>>> print(open('data_19.txt').read())   # compact mmCIF, C-alpha atoms
# COMPACT_ATOMS: atom_id res chain seq x y z
CA MET A 1 109.61 164.91 -63.93
CA HIS A 2 108.68 161.32 -64.92
CA ARG A 3 105.16 159.97 -65.24
CA PHE A 4 104.45 156.72 -63.27
CA ASP A 5 103.49 154.68 -66.32
CA ASP A 6 106.78 155.68 -68.08
CA LEU A 7 108.83 153.90 -65.30
CA ASP A 8 110.03 150.33 -66.01
CA GLU A 9 111.25 147.75 -63.45
CA HIS A 10 114.80 149.07 -63.43
CA SER A 11 113.58 152.58 -62.94
CA TRP A 12 111.71 151.54 -59.78
CA GLU A 13 114.80 149.89 -58.35
CA ASP A 14 116.90 152.91 -59.08
CA PHE A 15 114.35 155.24 -57.57
CA GLN A 16 115.63 157.57 -54.86
CA PRO A 17 113.30 159.70 -52.76
CA ASP A 18 113.43 163.36 -53.15
CA PRO A 19 114.86 164.87 -49.96
CA SER A 20 112.76 167.91 -50.47
CA GLN A 21 109.52 165.92 -50.14
CA PRO A 22 108.01 165.27 -46.64
CA VAL A 23 108.42 161.74 -45.10
CA PRO A 24 105.20 159.85 -44.21
CA THR A 25 104.66 159.51 -40.49
CA GLU A 26 104.50 156.21 -38.66
CA ARG A 27 100.71 156.52 -38.37
CA MET A 28 100.42 156.62 -42.11
CA LEU A 29 102.87 153.73 -42.49
CA GLU A 30 100.96 151.22 -40.43
CA PRO A 31 97.70 151.25 -42.45
CA ILE A 32 99.70 151.14 -45.64
CA GLU A 33 101.61 148.08 -44.45
CA ARG A 34 98.36 146.35 -43.45
CA HIS A 35 96.93 147.14 -46.85
CA VAL A 36 99.86 145.57 -48.69
CA GLY A 37 99.86 142.47 -46.39
CA ARG A 38 102.91 143.05 -44.24
CA PRO A 39 102.57 142.52 -40.46
CA PRO A 40 102.85 145.59 -38.33
CA VAL A 41 106.09 146.23 -36.57
CA LYS A 42 106.20 144.45 -33.15
CA ARG A 43 106.96 146.64 -30.21
CA SER A 44 108.96 145.37 -27.29
CA TRP A 45 107.51 146.01 -23.79
CA PRO A 46 109.81 146.97 -20.97
CA ARG A 47 111.08 144.01 -18.90
CA TRP A 48 109.59 145.27 -15.68
CA VAL A 49 106.10 145.15 -17.21
CA ALA A 50 106.55 141.46 -18.13
CA ALA A 51 107.85 140.61 -14.68
CA ALA A 52 104.90 142.35 -13.04
CA SER A 53 102.48 140.39 -15.24
CA VAL A 54 104.04 137.10 -14.14
CA LEU A 55 103.75 138.07 -10.48
CA ILE A 56 100.08 138.99 -10.91
CA LEU A 57 99.29 135.65 -12.55
CA VAL A 58 101.10 133.74 -9.79
CA GLY A 59 99.20 135.73 -7.15
CA LEU A 60 95.83 134.99 -8.72
CA ALA A 61 96.61 131.28 -8.90
CA GLY A 62 97.64 131.24 -5.26
CA LEU A 63 94.49 133.11 -4.26
CA ARG A 64 92.39 130.54 -6.10
CA PHE A 65 93.82 127.69 -4.04
CA TRP A 66 94.07 129.63 -0.76
CA ARG A 67 90.45 130.79 -0.49
CA PRO A 68 88.83 127.33 -0.45
CA ALA A 69 91.36 126.21 2.15
CA GLU A 70 90.51 129.25 4.24
CA LYS A 71 86.80 128.47 3.87
CA LYS A 72 87.31 124.84 4.91
CA GLN A 73 89.27 125.98 7.94
CA ALA A 74 86.49 128.40 8.93
CA LEU A 75 83.87 125.68 8.53
CA ALA A 76 85.96 123.34 10.66
CA LYS A 77 86.02 125.91 13.48
CA THR A 78 82.26 126.56 13.33
CA PRO A 79 80.51 124.23 15.84
CA VAL A 80 77.71 122.18 14.34
CA SER A 81 74.79 121.46 16.67
CA VAL A 82 73.27 118.04 16.17
CA GLU A 83 69.98 117.31 17.91
CA LYS A 84 70.13 113.98 19.68
CA PRO A 85 67.03 111.84 19.32
CA THR A 86 64.96 111.57 22.48
CA ILE A 87 65.20 108.04 23.84
CA ALA A 88 62.43 106.91 26.17
CA VAL A 89 63.90 105.45 29.35
CA ARG A 90 61.85 102.85 31.16
CA GLN A 91 61.22 103.73 34.79
CA THR A 92 60.05 101.30 37.48
CA LEU A 93 58.50 101.92 40.89
CA ILE A 94 58.68 99.03 43.36
CA ASN A 95 57.16 99.00 46.82
CA SER A 96 59.48 96.79 48.82
CA ALA A 97 58.13 98.08 52.16
CA SER A 98 55.89 96.04 54.43
CA GLU A 99 52.93 98.39 53.94
CA THR A 100 51.13 100.30 51.18
CA LYS A 101 53.00 103.43 50.04
CA THR A 102 51.92 106.52 48.09
CA PHE A 103 53.97 107.68 45.09
CA SER A 104 53.70 110.75 42.87
CA LEU A 105 53.94 110.11 39.12
CA PRO A 106 55.69 112.48 36.66
CA ASP A 107 52.38 113.76 35.18
CA GLY A 108 51.03 114.83 38.59
CA SER A 109 48.98 111.70 39.21
CA LYS A 110 49.28 109.75 42.45
CA THR A 111 49.27 106.06 43.21
CA ARG A 112 48.98 103.95 46.32
CA LEU A 113 51.09 100.90 45.64
CA ALA A 114 50.53 97.78 47.73
CA ARG A 115 53.56 96.00 49.18
CA GLY A 116 55.38 93.79 46.71
CA SER A 117 53.71 95.57 43.76
CA SER A 118 55.41 97.51 40.97
CA LEU A 119 54.71 99.97 38.14
CA SER A 120 56.71 100.53 34.96
CA PHE A 121 56.36 103.39 32.46
CA ASP A 122 58.36 105.61 30.13
CA SER A 123 60.19 108.34 32.01
CA GLY A 124 58.12 111.50 32.27
CA LEU A 125 55.05 109.66 31.00
CA ALA A 126 55.75 111.47 27.74
CA GLY A 127 53.95 110.83 24.47
CA ALA A 128 50.43 110.97 23.14
CA ARG A 129 49.22 108.48 25.75
CA ARG A 130 50.16 107.84 29.36
CA GLU A 131 50.81 104.09 29.54
CA ILE A 132 51.57 102.21 32.77
CA VAL A 133 52.09 98.51 33.39
CA LEU A 134 51.03 97.25 36.83
CA THR A 135 52.16 94.09 38.55
CA GLY A 136 50.30 93.55 41.80
CA GLU A 137 47.81 95.94 43.39
CA ALA A 138 47.52 99.73 43.19
CA SER A 139 45.01 102.56 43.22
CA PHE A 140 45.37 105.76 41.22
CA THR A 141 44.28 109.38 41.37
CA VAL A 142 44.78 110.53 37.81
CA ALA A 143 45.72 114.11 36.90
CA ARG A 144 43.21 115.26 34.29
CA ASP A 145 44.55 115.70 30.76
CA LYS A 146 41.91 115.46 28.03
CA SER A 147 44.49 115.22 25.27
CA ARG A 148 46.39 112.28 26.81
CA PRO A 149 44.41 109.30 28.13
CA PHE A 150 45.82 107.44 31.14
CA THR A 151 45.90 103.66 30.72
CA VAL A 152 46.94 101.02 33.23
CA HIS A 153 47.75 97.59 31.82
CA ALA A 154 47.23 94.71 34.24
CA GLU A 155 47.14 91.00 33.49
CA HIS A 156 44.76 90.40 30.53
CA LEU A 157 43.09 93.83 30.70
CA ALA A 158 43.60 97.57 30.33
CA VAL A 159 41.82 100.39 32.19
CA THR A 160 41.68 103.80 30.48
CA VAL A 161 40.67 107.11 32.06
CA LEU A 162 41.12 110.87 31.60
CA GLY A 163 40.98 111.89 35.24
CA THR A 164 39.51 109.88 38.09
CA VAL A 165 40.21 107.70 41.15
CA PHE A 166 40.26 103.92 40.73
CA GLY A 167 42.05 100.79 41.88
CA ILE A 168 43.29 97.56 40.26
CA ASP A 169 44.20 94.27 41.94
CA ASP A 170 45.65 91.38 39.94
CA THR A 171 47.25 89.54 42.88
CA HIS A 172 44.51 86.88 42.88
CA SER A 173 45.46 83.81 40.88
CA GLY A 174 42.14 83.54 39.04
CA TYR A 175 40.79 87.05 38.46
CA THR A 176 41.57 90.78 38.31
CA THR A 177 39.49 93.37 40.16
CA VAL A 178 38.87 96.98 39.13
CA VAL A 179 37.23 99.40 41.60
CA LEU A 180 36.07 102.90 40.66
CA TYR A 181 35.88 105.55 43.39
CA SER A 182 35.09 108.63 41.28
CA GLY A 183 34.92 109.68 37.63
CA ARG A 184 34.47 107.12 34.84
CA VAL A 185 36.65 104.39 33.37
CA VAL A 186 36.46 101.84 30.57
CA VAL A 187 37.85 98.33 31.05
CA LYS A 188 38.99 96.47 27.94
CA LYS A 189 40.46 93.06 27.26
CA GLU A 190 44.10 93.13 26.20
CA PRO A 191 44.58 91.98 22.58
CA GLY A 192 45.78 88.41 22.19
CA THR A 193 44.59 87.16 25.59
CA HIS A 194 42.46 84.07 26.06
CA GLY A 195 38.68 84.51 26.34
CA GLY A 196 37.01 87.84 25.94
CA PHE A 197 34.41 90.32 27.09
CA ALA A 198 32.87 93.49 25.72
CA ASP A 199 34.17 96.86 26.93
CA VAL A 200 32.81 97.65 30.39
CA TYR A 201 32.20 101.23 31.59
CA LEU A 202 32.23 101.65 35.36
CA GLU A 203 30.41 104.24 37.44
CA PRO A 204 31.59 105.44 40.88
CA GLY A 205 30.99 102.83 43.55
CA GLN A 206 31.16 99.85 41.18
CA GLU A 207 33.58 96.94 41.26
CA LEU A 208 34.38 94.68 38.30
CA GLN A 209 35.89 91.22 38.56
CA VAL A 210 37.33 89.70 35.39
CA ASN A 211 37.91 85.95 35.33
CA ARG A 212 41.27 85.44 33.64
CA GLY A 213 40.41 81.87 32.73
CA ASP A 214 37.25 82.23 30.65
CA GLY A 215 37.00 86.03 30.33
CA SER A 216 33.70 86.27 32.22
CA VAL A 217 32.95 89.38 34.28
CA ARG A 218 31.01 90.08 37.47
CA MET A 219 29.82 93.53 38.57
CA SER A 220 29.09 94.53 42.18
CA THR A 221 28.84 97.56 44.47
CA ILE A 222 31.84 98.30 46.64
CA ALA A 223 31.56 98.43 50.42
CA GLY A 224 32.03 101.72 52.22
CA THR A 225 35.39 100.68 53.65
CA ALA A 226 36.79 100.15 50.14
CA ALA A 227 37.13 103.92 49.70
CA GLU A 228 39.97 103.84 52.21
CA LYS A 229 42.16 102.32 49.50
CA ALA A 230 41.86 105.43 47.36
CA PRO A 231 45.04 107.55 47.26
CA ALA A 232 45.17 111.16 48.30
CA PRO A 233 43.28 113.36 45.82
CA VAL A 234 44.93 115.78 43.41
CA PRO A 235 42.77 118.91 43.70
CA ARG A 236 43.26 122.09 41.74
CA GLN A 237 45.63 124.43 43.54
CA LEU A 238 43.61 127.53 42.61
CA MET A 239 39.81 127.50 42.64
CA SER A 240 37.88 130.63 41.60
CA PHE A 241 34.26 131.44 42.40
CA THR A 242 32.02 134.19 41.02
CA ARG A 243 28.74 134.74 42.90
CA GLN A 244 28.60 131.00 43.44
CA PRO A 245 26.20 129.58 46.06
CA LEU A 246 27.94 128.23 49.15
CA THR A 247 26.20 124.88 48.70
CA GLU A 248 27.89 124.45 45.29
CA ILE A 249 31.26 125.51 46.71
CA PHE A 250 30.99 122.95 49.51
CA ASN A 251 30.13 120.25 46.98
CA GLU A 252 33.16 121.14 44.83
CA LEU A 253 35.44 121.02 47.86
CA HIS A 254 33.93 117.66 48.85
CA ASN A 255 34.65 116.19 45.39
CA ALA A 256 38.13 117.67 45.23
CA TYR A 257 39.33 116.75 48.73
CA HIS A 258 37.16 113.69 49.51
CA ILE A 259 36.09 115.34 52.74
CA THR A 260 32.59 115.55 54.19
CA ILE A 261 31.13 119.04 54.68
CA SER A 262 27.68 118.85 56.26
CA TYR A 263 25.33 121.85 56.16
CA ASP A 264 21.68 122.90 56.14
CA SER A 265 20.84 123.69 52.50
CA VAL A 266 17.77 125.73 53.53
CA ALA A 267 19.85 127.97 55.83
CA LEU A 268 22.40 128.58 53.05
CA LYS A 269 19.88 129.00 50.24
CA ASN A 270 20.50 132.69 49.44
CA ILE A 271 24.21 132.92 50.31
CA ASP A 272 26.88 133.12 47.61
CA PHE A 273 30.60 133.96 47.43
CA THR A 274 33.02 135.63 45.01
CA GLY A 275 36.71 134.97 45.50
CA THR A 276 39.46 132.36 45.23
CA PHE A 277 40.87 129.49 47.23
CA ASN A 278 44.61 128.89 46.78
CA SER A 279 45.56 125.64 48.49
CA GLY A 280 49.23 126.59 48.13
CA LYS A 281 48.80 129.57 50.45
CA GLU A 282 46.13 128.50 52.95
CA SER A 283 44.59 125.34 54.30
CA LEU A 284 41.10 124.12 53.52
CA GLU A 285 40.04 124.71 57.11
CA SER A 286 41.28 128.32 56.97
CA PHE A 287 39.29 128.94 53.77
CA LEU A 288 36.12 127.44 55.24
CA THR A 289 36.56 129.55 58.38
CA THR A 290 36.75 132.70 56.22
CA LEU A 291 33.57 131.72 54.35
CA CYS A 292 31.74 131.21 57.61
CA GLU A 293 32.91 134.47 59.20
CA LEU A 294 31.81 136.46 56.13
CA ASN A 295 28.29 135.00 56.30
CA GLU A 296 27.60 134.78 60.03
CA LEU A 297 28.13 131.02 60.04
CA GLN A 298 29.91 128.70 62.43
CA LEU A 299 32.45 126.02 61.39
CA LYS A 300 32.93 122.89 63.48
CA LYS A 301 35.30 119.96 62.96
CA THR A 302 33.77 116.48 62.94
CA ASP A 303 35.13 112.93 62.71
CA LYS A 304 34.51 112.88 58.94
CA GLY A 305 35.28 116.50 58.10
CA PHE A 306 33.44 119.75 58.88
CA SER A 307 30.01 120.97 59.81
CA VAL A 308 28.63 124.41 58.85
CA GLU A 309 25.83 125.88 60.97
CA PRO A 310 24.22 129.31 61.49
CA LYS A 311 25.69 131.24 64.42
CA GLN A 312 23.62 131.11 67.56
CA PRO A 313 22.43 134.53 68.79
>>> encode(input="data_19.txt", output="structure tokens")
Amino acid sequence: MHRFDDLDEHSWEDFQPDPSQPVPTERMLEPIERHVGRPPVKRSWPRWVAAASVLILVGLAGLRFWRPAEKKQALAKTPVSVEKPTIAVRQTLINSASETKTFSLPDGSKTRLARGSSLSFDSGLAGARREIVLTGEASFTVARDKSRPFTVHAEHLAVTVLGTVFGIDDTHSGYTTVVLYSGRVVVKKEPGTHGGFADVYLEPGQELQVNRGDGSVRMSTIAGTAAEKAPAPVPRQLMSFTRQPLTEIFNELHNAYHITISYDSVALKNIDFTGTFNSGKESLESFLTTLCELNELQLKKTDKGFSVEPKQP
């Protein structure tokens, strides 16, 4: 047997493996080949594996482009709700009749509009303020709303209230008149008009005349017949009372319905009532009749309203 260092170049070339020695396995061959710098033997994959790989890649590419299209189609089918901006529509009331007419306003207020007169306002009287422009003559019973003042603009002036009964007349060529029947109003000069006056606060029964030429004002007390121009009142539909004296109840009904209820305060001194009055279910006369029957009183109708008296034995 030869030693390795006794072999020359020709001996290596002529070397033949000994058949009796075991052959290295393929696992041993691969690390040896990497160690000596030869690339490992490439293995060929079956053709069906390559074809399947191509199909998978094509499928993934198609899925990439199909999904966004599917999403766009779904979005196109989904209805999109767009809120339309609320546009205020100007509404006008014109009395073309030959006599004064009563109209109900969208906020629950009422107006008596003289013939040939007109009102204009935003539909529904919506917004932070209730603004009305008057041309001619009208009286108003204003539905109370503390959060939204009610203002009527006439020629050269504006009248603002929260809830009351008043009238305005600007049909005269030289001045505008404001009459207050109940509640409280403030009369102001419109900005930009000629002349001027300080704000005027009216009390019930007062009449204010504003000269449109020089802005001067004149205050007076209205005559008793002027109250006939007031429109029908807007009372509360439901009124509740808890051990309330009848005298106070009669006063509340008088203020709410503008009707006279005469009575003897001494005779009713110690009488009270607990209950409700629903004007939607019974009339005022029916309610007063019930109050009287419960307290041995007698109700009579008069020219101006009602009279309450003790029953005669």
>>> residues_near_point(input="data_19.txt", point="(37.5, 107.8, 32.3)", cutoff="6 Å", atoms="only C-alpha atoms", output="ChimeraX atom specification")
/A:161-162,184-185
>>> residues_near_point(input="data_19.txt", point="(22.2, 117.7, 55.7)", cutoff="12 Å", atoms="only C-alpha atoms", output="MDAnalysis selection string")
chainID A and resid 247 250 260:268 306:309
>>> closest_residue(input="data_19.txt", among="A:Thr135, A:Ser96, A:Ser286, A:Thr141", to="Leu299 of chain A", atoms="all atoms listed in the file")
A:Ser286
>>> residues_around(input="data_19.txt", residues="Thr160 of chain A", least_positions_apart="3", cutoff="6 Å", atoms="only C-alpha atoms", output="VMD selection string")
chain A and resid 150 to 151 185 to 186
>>> atom_distance(input="data_19.txt", atom1="atom CA of Arg115 of chain A", atom2="atom CA of Val217 of chain A")
26.3 Å
>>> residues_around(input="data_19.txt", residues="Arg218 of chain A", least_positions_apart="3", cutoff="8 Å", atoms="all atoms listed in the file", output="JSON, numbers by chain")
{"A": [208, 209, 210]}
>>> residues_around(input="data_19.txt", residues="Leu294 of chain A", least_positions_apart="6", cutoff="12 Å", atoms="only C-alpha atoms", output="number ranges by chain")
A: 246, 271-275, 287-288, 310-311
>>> closest_residue(input="data_19.txt", among="A:Ala128, A:Ala114, A:Leu253, A:Ile222", to="Pro149 of chain A", atoms="all atoms listed in the file")
A:Ala128
>>> residues_around(input="data_19.txt", residues="Leu134 of chain A", least_positions_apart="3", cutoff="7 Å", atoms="only C-alpha atoms", output="ChimeraX atom specification")
/A:118-120,152-154
>>> atom_distance(input="data_19.txt", atom1="atom CA of Gly213 of chain A", atom2="atom CA of Gly167 of chain A")
21.1 Å
>>> residues_around(input="data_19.txt", residues="Gly196 of chain A", least_positions_apart="6", cutoff="8 Å", atoms="all atoms listed in the file", output="VMD selection string")
chain A and resid 189 214 to 216
